[in-house]
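J.: Input structure: data.cif, which contains mmCIF, C-alpha atoms and all ligand atoms.
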data_start
loop_
_atom_site.label_atom_id
_atom_site.label_comp_id
_atom_site.auth_asym_id
_atom_site.auth_seq_id
_atom_site.Cartn_x
_atom_site.Cartn_y
_atom_site.Cartn_z
CA MET A 1 264.12 109.32 152.37
CA ASN A 2 264.23 113.15 152.51
CA ARG A 3 265.49 113.18 148.96
CA LEU A 4 262.55 111.05 147.84
CA PHE A 5 260.08 113.53 149.41
CA ARG A 6 261.87 116.44 147.73
CA TRP A 7 261.71 114.65 144.39
CA PHE A 8 257.95 114.01 144.69
CA GLY A 9 257.46 117.64 145.83
CA ALA A 10 259.25 118.95 142.72
CA LEU A 11 257.24 116.61 140.48
CA GLY A 12 253.97 117.85 142.08
CA LEU A 13 254.93 121.50 141.48
CA MET A 14 255.74 120.82 137.82
CA ILE A 15 252.41 119.04 137.26
CA GLY A 16 250.66 122.00 138.92
CA ILE A 17 252.33 124.53 136.61
CA LEU A 18 251.67 122.55 133.42
CA GLY A 19 248.06 122.03 134.50
CA ALA A 20 247.56 125.74 135.11
CA TRP A 21 248.57 126.58 131.55
CA GLY A 22 246.26 123.83 130.42
CA CYS A 23 243.49 125.53 132.35
CA LYS A 24 240.96 122.79 131.63
CA ARG A 25 239.41 124.93 128.92
CA ASN A 26 235.80 125.84 128.58
CA ALA A 27 234.51 122.60 127.14
CA THR A 28 234.92 122.85 123.40
CA GLU A 29 235.81 120.30 120.76
CA GLY A 30 237.13 122.19 117.81
CA ALA A 31 236.35 119.95 114.82
CA GLY A 32 235.10 121.84 111.81
CA GLY A 33 234.80 125.12 113.69
CA ALA A 34 231.54 124.03 115.29
CA SER A 35 232.38 124.00 118.96
CA LYS A 36 230.20 121.83 121.11
CA PRO A 37 230.20 121.47 124.87
CA VAL A 38 231.86 118.42 126.36
CA LYS A 39 230.74 117.14 129.72
CA LYS A 40 233.25 115.54 132.00
CA LYS A 41 232.47 113.22 134.87
CA GLY A 42 233.82 113.86 138.32
CA HIS A 43 235.84 116.69 139.77
CA LYS A 44 239.36 115.74 138.91
CA GLY A 45 242.14 118.05 137.87
CA MET A 46 242.42 121.67 139.02
CA HIS A 47 238.77 122.52 139.54
CA HIS A 48 238.82 123.83 143.09
CA HIS A 49 236.07 123.50 145.64
CA GLY A 50 237.13 125.85 148.39
CA LYS A 51 234.52 127.76 150.35
CA ASP A 52 234.99 130.82 148.14
CA HIS A 53 234.43 128.77 145.04
CA HIS A 54 231.65 130.91 143.64
CA LYS A 55 232.41 134.17 145.39
CA GLY A 56 232.39 137.33 143.30
CA ASP A 57 232.75 135.43 140.10
CA VAL A 58 231.01 133.79 137.18
CA LYS A 59 229.02 130.77 138.30
CA TYR A 60 231.14 127.75 137.53
CA LYS A 61 228.96 124.80 136.64
CA HIS A 62 230.54 121.86 138.36
CA HIS A 63 230.75 119.60 135.36
CA ASP A 64 231.43 121.90 132.43
CA MET A 65 235.24 121.93 132.50
CA GLN A 66 235.50 125.71 132.85
CA HIS A 67 238.59 126.24 134.93
CA ASP A 68 238.34 128.27 138.12
CA PHE A 69 241.05 130.95 138.20
CA SER A 70 239.80 132.55 141.45
CA ASP A 71 242.96 131.66 143.37
CA VAL A 72 244.73 134.72 141.99
CA LYS A 73 247.75 134.51 144.30
CA ARG A 74 248.50 131.06 143.01
CA TYR A 75 248.05 131.98 139.34
CA ALA A 76 250.01 135.22 139.70
CA LYS A 77 253.02 133.10 140.66
CA ILE A 78 252.65 131.12 137.45
CA PHE A 79 251.46 133.76 134.96
CA ASP A 80 253.78 136.50 136.21
CA ASP A 81 256.81 134.28 136.73
CA PRO A 82 259.78 136.32 135.41
CA ALA A 83 261.04 133.16 133.67
CA ARG A 84 257.99 133.35 131.37
CA LYS A 85 259.54 136.19 129.41
CA ALA A 86 262.06 133.83 127.79
CA TRP A 87 259.35 131.80 126.02
CA GLN A 88 256.40 134.21 126.00
CA LYS A 89 258.40 137.02 124.39
CA PRO A 90 255.80 139.70 125.20
CA GLU A 91 257.70 142.49 123.42
CA GLU A 92 257.76 140.46 120.21
CA VAL A 93 254.04 139.69 120.49
CA VAL A 94 253.26 143.39 120.93
CA THR A 95 255.56 144.32 118.02
CA LYS A 96 253.72 141.82 115.79
CA MET A 97 250.45 143.55 116.68
CA GLN A 98 251.75 146.76 115.07
CA ILE A 99 250.31 148.95 117.78
CA LYS A 100 250.74 152.66 117.23
CA PRO A 101 250.63 155.37 119.92
CA GLY A 102 247.07 156.48 120.55
CA MET A 103 245.47 153.16 119.62
CA ALA A 104 242.65 151.49 121.59
CA VAL A 105 243.55 147.93 122.62
CA ALA A 106 241.80 145.17 124.58
CA ASP A 107 243.38 142.09 126.15
CA ILE A 108 240.67 139.42 126.48
CA GLY A 109 241.22 136.69 129.06
CA ALA A 110 243.85 139.02 130.46
CA GLY A 111 244.19 137.04 133.73
CA THR A 112 246.57 138.76 136.14
CA GLY A 113 247.38 141.39 133.50
CA TYR A 114 250.72 139.99 132.35
CA PHE A 115 250.51 141.82 129.01
CA LEU A 116 249.21 145.14 130.39
CA PRO A 117 252.63 146.80 130.96
CA PHE A 118 253.69 146.00 127.39
CA LEU A 119 250.40 147.11 125.85
CA GLN A 120 250.18 150.34 127.83
CA SER A 121 253.69 151.31 126.85
CA ALA A 122 252.90 150.60 123.16
CA VAL A 123 249.73 152.75 123.08
CA GLY A 124 251.31 155.56 125.11
CA GLU A 125 249.46 158.13 127.18
CA LYS A 126 247.01 159.02 124.43
CA GLY A 127 245.97 155.43 123.83
CA SER A 128 243.83 153.08 125.91
CA VAL A 129 244.06 149.49 127.12
CA GLU A 130 241.33 147.33 128.62
CA GLY A 131 242.04 144.07 130.43
CA LEU A 132 238.93 141.90 130.18
CA ASP A 133 238.28 138.66 132.02
CA ILE A 134 235.35 136.53 133.14
CA ASN A 135 236.93 135.96 136.53
CA GLY A 136 236.02 138.54 139.19
CA PRO A 137 239.09 138.08 141.43
CA MET A 138 241.37 138.32 138.36
CA VAL A 139 239.70 141.60 137.36
CA GLN A 140 240.05 142.94 140.91
CA HIS A 141 243.74 141.95 140.86
CA MET A 142 244.20 143.81 137.55
CA LYS A 143 242.47 146.89 138.96
CA GLU A 144 244.89 146.93 141.91
CA ARG A 145 247.86 146.41 139.58
CA ILE A 146 246.72 149.28 137.35
CA GLN A 147 246.23 151.60 140.31
CA LYS A 148 249.63 150.71 141.80
CA ALA A 149 251.36 151.33 138.48
CA GLY A 150 249.46 154.61 138.00
CA TRP A 151 248.41 153.83 134.43
CA SER A 152 245.65 156.34 133.74
CA GLN A 153 244.87 154.94 130.28
CA VAL A 154 244.39 151.30 131.45
CA LYS A 155 241.17 149.77 132.79
CA ALA A 156 239.98 146.31 133.79
CA ARG A 157 236.46 144.96 133.34
CA GLN A 158 234.64 141.70 134.02
CA VAL A 159 232.92 140.26 130.96
CA LYS A 160 230.60 137.40 130.10
CA MET A 161 231.92 134.03 129.02
CA ASP A 162 230.21 134.24 125.63
CA ASP A 163 230.46 137.99 125.08
CA PRO A 164 233.35 140.44 125.55
CA GLN A 165 230.74 143.25 125.47
CA LEU A 166 232.75 145.50 123.18
CA GLN A 167 231.45 148.82 121.95
CA ALA A 168 230.83 148.69 118.20
CA ALA A 169 233.84 149.75 116.11
CA SER A 170 235.80 150.91 119.18
CA LEU A 171 239.07 148.93 119.07
CA ASP A 172 242.21 148.96 116.92
CA ARG A 173 243.71 145.80 118.39
CA VAL A 174 242.53 142.82 120.45
CA LEU A 175 244.94 140.39 122.09
CA ILE A 176 243.89 136.94 123.33
CA VAL A 177 246.70 134.90 124.90
CA ASN A 178 246.36 131.25 125.96
CA THR A 179 242.60 131.73 126.19
CA TRP A 180 241.05 131.05 122.74
CA HIS A 181 240.93 127.32 123.49
CA HIS A 182 238.67 128.13 126.50
CA VAL A 183 236.05 129.87 124.41
CA ALA A 184 232.91 127.93 123.47
CA ASN A 185 231.16 128.77 120.18
CA ARG A 186 234.26 130.48 118.91
CA VAL A 187 232.82 131.50 115.54
CA GLU A 188 229.99 133.37 117.25
CA TYR A 189 232.50 134.91 119.64
CA ALA A 190 234.76 135.96 116.74
CA LYS A 191 231.78 137.73 115.13
CA LYS A 192 231.47 139.80 118.32
CA LEU A 193 235.19 140.62 118.14
CA LYS A 194 234.77 141.68 114.52
CA ALA A 195 231.91 144.02 115.44
CA GLY A 196 234.15 145.65 118.07
CA LEU A 197 236.94 146.47 115.59
CA LYS A 198 237.52 149.86 113.98
CA PRO A 199 238.33 149.91 110.26
CA GLY A 200 241.90 148.59 109.95
CA GLY A 201 241.51 146.75 113.28
CA ALA A 202 242.77 143.24 114.03
CA VAL A 203 242.59 140.44 116.59
CA TYR A 204 245.65 138.44 117.64
CA ILE A 205 245.36 134.93 119.05
CA VAL A 206 248.45 133.59 120.79
CA ASP A 207 248.09 129.96 121.83
CA PHE A 208 250.06 126.77 122.30
CA THR A 209 251.14 124.66 119.33
CA MET A 210 250.51 120.92 119.23
CA GLU A 211 254.26 120.35 119.61
CA ALA A 212 254.80 122.69 122.58
CA LYS A 213 256.25 121.16 125.71
CA ARG A 214 254.05 123.40 127.87
CA GLY A 215 250.35 124.19 127.54
CA PRO A 216 247.03 122.40 127.94
CA ASN A 217 246.43 118.74 127.31
CA LYS A 218 246.99 118.14 123.57
CA LYS A 219 243.37 117.20 122.96
CA HIS A 220 242.36 120.72 124.02
CA ARG A 221 244.86 122.55 121.80
CA LEU A 222 243.85 124.14 118.52
CA GLU A 223 245.87 124.10 115.32
CA PRO A 224 246.46 127.61 113.95
CA GLN A 225 244.65 126.53 110.76
CA GLN A 226 241.59 125.85 112.90
CA VAL A 227 241.70 129.38 114.31
CA ILE A 228 242.09 130.79 110.76
CA LYS A 229 239.08 128.75 109.64
CA GLU A 230 236.99 130.02 112.55
CA PHE A 231 237.99 133.60 111.72
CA ALA A 232 237.03 133.08 108.08
CA GLU A 233 233.59 131.82 109.17
CA ALA A 234 233.21 134.95 111.28
CA GLY A 235 234.23 137.21 108.37
CA LEU A 236 237.79 137.99 109.50
CA LYS A 237 240.87 137.52 107.30
CA GLY A 238 243.04 135.09 109.22
CA ARG A 239 246.74 134.50 108.72
CA LEU A 240 249.61 132.98 110.64
CA ILE A 241 252.14 135.61 111.71
CA PRO A 242 255.74 134.30 111.62
CA SER A 243 257.37 134.62 115.02
CA SER A 244 260.20 133.22 117.11
CA LEU A 245 257.95 132.10 119.98
CA PRO A 246 259.08 128.57 120.79
CA ASP A 247 255.76 127.16 122.07
CA GLN A 248 253.00 129.30 120.63
CA TYR A 249 251.66 130.52 117.32
CA ILE A 250 250.25 133.95 116.57
CA VAL A 251 247.19 134.17 114.33
CA GLU A 252 245.95 137.53 113.12
CA GLY A 253 242.32 138.08 112.24
CA ALA A 254 241.91 141.34 110.34
CA LEU A 255 238.82 143.15 109.10
C1 LIG A 301 245.49 130.73 130.92
S1 LIG A 301 244.81 132.20 131.49
C2 LIG A 301 245.70 133.36 130.49
C3 LIG A 301 245.85 134.70 131.13
C4 LIG A 301 246.62 135.75 130.30
N1 LIG A 301 246.08 135.91 128.97
C5 LIG A 301 248.08 135.39 130.23
O1 LIG A 301 248.53 135.00 129.14
O2 LIG A 301 248.77 135.49 131.26
C6 LIG A 301 243.18 132.25 130.82
C7 LIG A 301 242.35 133.43 131.32
O3 LIG A 301 241.21 133.55 130.46
C8 LIG A 301 240.06 133.79 131.23
N2 LIG A 301 238.93 133.33 130.41
C9 LIG A 301 238.55 132.06 130.13
N3 LIG A 301 237.50 132.05 129.29
C10 LIG A 301 237.23 133.36 129.01
C11 LIG A 301 236.26 134.02 128.19
N4 LIG A 301 235.33 133.33 127.51
N5 LIG A 301 236.27 135.38 128.14
C12 LIG A 301 237.19 136.11 128.84
N6 LIG A 301 238.11 135.54 129.65
C13 LIG A 301 238.14 134.18 129.72
C14 LIG A 301 240.30 133.06 132.53
O4 LIG A 301 239.52 133.56 133.59
C15 LIG A 301 241.80 133.28 132.73
O5 LIG A 301 242.06 134.43 133.48
#
Take the structure in the file and write it out as structure tokens.
Ligand SMILES: C[S@@+](CC[C@H](N)C(=O)[O-])C[C@H]1O[C@@H](n2cnc3c(N)ncnc32)[C@H](O)[C@@H]1O

T.:
Amino acid sequence: MNRLFRWFGALGLMIGILGAWGCKRNATEGAGGASKPVKKKGHKGMHHHGKDHHKGDVKYKHHDMQHDFSDVKRYAKIFDDPARKAWQKPEEVVTKMQIKPGMAVADIGAGTGYFLPFLQSAVGEKGSVEGLDINGPMVQHMKERIQKAGWSQVKARQVKMDDPQLQAASLDRVLIVNTWHHVANRVEYAKKLKAGLKPGGAVYIVDFTMEAKRGPNKKHRLEPQQVIKEFAEAGLKGRLIPSSLPDQYIVEGAL
């Protein structure tokens, strides 16, 4: 009997982890680059309704499929799991971004700040890194992480769902990991990214392939060609960057 309970417990944990990466994205259907909101009935899945549901955060509309990441402790266990390194390969991602010391970099949808240590070490002391997220508790968590680590060139900032609020021509590199599929009106959003890039700047989207064994529900995933098409519509030169990541692709969008 005990064994049966343990088995169901393990199954529950696995479903939780896979669901978290799925993140019930921000209601977009990607056909033809024209993203349109999708309404979903009910409150199933991982959309939490604790008493702090709306505290210090973007207002989550109850039916719009935007996932609530406010339970930072829970997501830190998943996003910052040391086992992630084996498939996420953060050093390889950062190498592909061709970051040089002194560059200005933003990580959009940065979550708990998983990529911040790798980005800050790539830009060095003369560079700068900003971790941007729509989720207030995630941003607060990043701020504490940054302070603890003593990274003077790293900052965290809360941004709007439809606007990363970048200063014009201020960034050399933008990283967006496992988040692009959450963005509604992606072409419009990509135009805002483009406006934030310095000459020679580029955006890097890292997201789950259709074949990946982890990641969001397949109907929410985006083919890399779709991302490249969206970049083209926004005026960015998109291309697939060859990599050894087992579950994700990397798409570059350059000026
Ligand atoms: C699956 S998590 C990925 C976190 C991080 N990039 C990582 O790889 O560990 C998605 C994150 O994107 C954020 N997010 C979702 N939509 C966003 C948007 N439109 N702009 C900025 N952040 C967004 C969520 O709050 C969440 O922290």

J.: List every residue of stretch 137-204 of chain A that has an atom at most 9 Å from any atom of stretch 72-76 of chain A, giving for each one its closest atom pair and the distance in Å to one decimal, counting all atoms listed in the file, sorted by chain and then by ascending residue number, as a tab-separated table.

T.:
residue	atom	partner	partner_atom	distance
A:Pro137	CA	A:Val72	CA	6.6
A:Met138	CA	A:Val72	CA	6.1
A:His141	CA	A:Val72	CA	7.4

J.: For the atom pair atom CA of A:Lys219 and atom C9 of ligand LIG 301 (chain A), what is the interatomic distance in Å to one decimal place?

T.: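 For atom CA of A:Lys219 relative to atom C9 of ligand LIG 301 (chain A), the distance reads 17.2 Å.
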
J.: Could you tell me, counting all atoms listed in the file, which protein and nucleic acid residues lie no more than 8 Å from ligand LIG 301 (chain A), written as a PDB file with C-alpha atoms, keeping the file's coordinate frame?

T.:
ATOM      1  CA  ALA A  20     247.560 125.740 135.110  1.00  0.00           C
ATOM      2  CA  TRP A  21     248.570 126.580 131.550  1.00  0.00           C
ATOM      3  CA  GLY A  22     246.260 123.830 130.420  1.00  0.00           C
ATOM      4  CA  CYS A  23     243.490 125.530 132.350  1.00  0.00           C
ATOM      5  CA  ARG A  25     239.410 124.930 128.920  1.00  0.00           C
ATOM      6  CA  ASN A  26     235.800 125.840 128.580  1.00  0.00           C
ATOM      7  CA  GLN A  66     235.500 125.710 132.850  1.00  0.00           C
ATOM      8  CA  HIS A  67     238.590 126.240 134.930  1.00  0.00           C
ATOM      9  CA  ASP A  68     238.340 128.270 138.120  1.00  0.00           C
ATOM     10  CA  PHE A  69     241.050 130.950 138.200  1.00  0.00           C
ATOM     11  CA  SER A  70     239.800 132.550 141.450  1.00  0.00           C
ATOM     12  CA  PHE A  79     251.460 133.760 134.960  1.00  0.00           C
ATOM     13  CA  ASP A  80     253.780 136.500 136.210  1.00  0.00           C
ATOM     14  CA  ASP A 107     243.380 142.090 126.150  1.00  0.00           C
ATOM     15  CA  ILE A 108     240.670 139.420 126.480  1.00  0.00           C
ATOM     16  CA  GLY A 109     241.220 136.690 129.060  1.00  0.00           C
ATOM     17  CA  ALA A 110     243.850 139.020 130.460  1.00  0.00           C
ATOM     18  CA  GLY A 111     244.190 137.040 133.730  1.00  0.00           C
ATOM     19  CA  THR A 112     246.570 138.760 136.140  1.00  0.00           C
ATOM     20  CA  GLY A 113     247.380 141.390 133.500  1.00  0.00           C
ATOM     21  CA  TYR A 114     250.720 139.990 132.350  1.00  0.00           C
ATOM     22  CA  PHE A 115     250.510 141.820 129.010  1.00  0.00           C
ATOM     23  CA  LEU A 132     238.930 141.900 130.180  1.00  0.00           C
ATOM     24  CA  ASP A 133     238.280 138.660 132.020  1.00  0.00           C
ATOM     25  CA  ILE A 134     235.350 136.530 133.140  1.00  0.00           C
ATOM     26  CA  ASN A 135     236.930 135.960 136.530  1.00  0.00           C
ATOM     27  CA  MET A 138     241.370 138.320 138.360  1.00  0.00           C
ATOM     28  CA  VAL A 159     232.920 140.260 130.960  1.00  0.00           C
ATOM     29  CA  LYS A 160     230.600 137.400 130.100  1.00  0.00           C
ATOM     30  CA  MET A 161     231.920 134.030 129.020  1.00  0.00           C
ATOM     31  CA  ASP A 162     230.210 134.240 125.630  1.00  0.00           C
ATOM     32  CA  ASP A 163     230.460 137.990 125.080  1.00  0.00           C
ATOM     33  CA  PRO A 164     233.350 140.440 125.550  1.00  0.00           C
ATOM     34  CA  ILE A 176     243.890 136.940 123.330  1.00  0.00           C
ATOM     35  CA  VAL A 177     246.700 134.900 124.900  1.00  0.00           C
ATOM     36  CA  ASN A 178     246.360 131.250 125.960  1.00  0.00           C
ATOM     37  CA  THR A 179     242.600 131.730 126.190  1.00  0.00           C
ATOM     38  CA  TRP A 180     241.050 131.050 122.740  1.00  0.00           C
ATOM     39  CA  HIS A 182     238.670 128.130 126.500  1.00  0.00           C
ATOM     40  CA  VAL A 183     236.050 129.870 124.410  1.00  0.00           C
ATOM     41  CA  ALA A 184     232.910 127.930 123.470  1.00  0.00           C
TER      42      ALA A 184
END

J.: Would you list the contacts of A:Ser243 as a list in words, taking every protein, DNA or RNA residue within 9 Å and counting all atoms listed in the file, but skipping same-chain residues closer than 6 positions in sequence?

T.: Glu92, Val93, Lys96, Tyr249 and Ile250 of chain A

J.: Could you tell me, as a PyMOL selection string, which residues have any atom at most 9 Å from (253.1, 140.9, 125.6), counting all atoms listed in the file?

T.: chain A and resi 85+88-95+114-119+175+177

J.: May I ask for the distance between atom CA of A:Gly150 and atom CA of A:Leu171, given in Å to one decimal place?

T.: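 Calculated distance between atom CA of A:Gly150 and atom CA of A:Leu171 is 22.3 Å.
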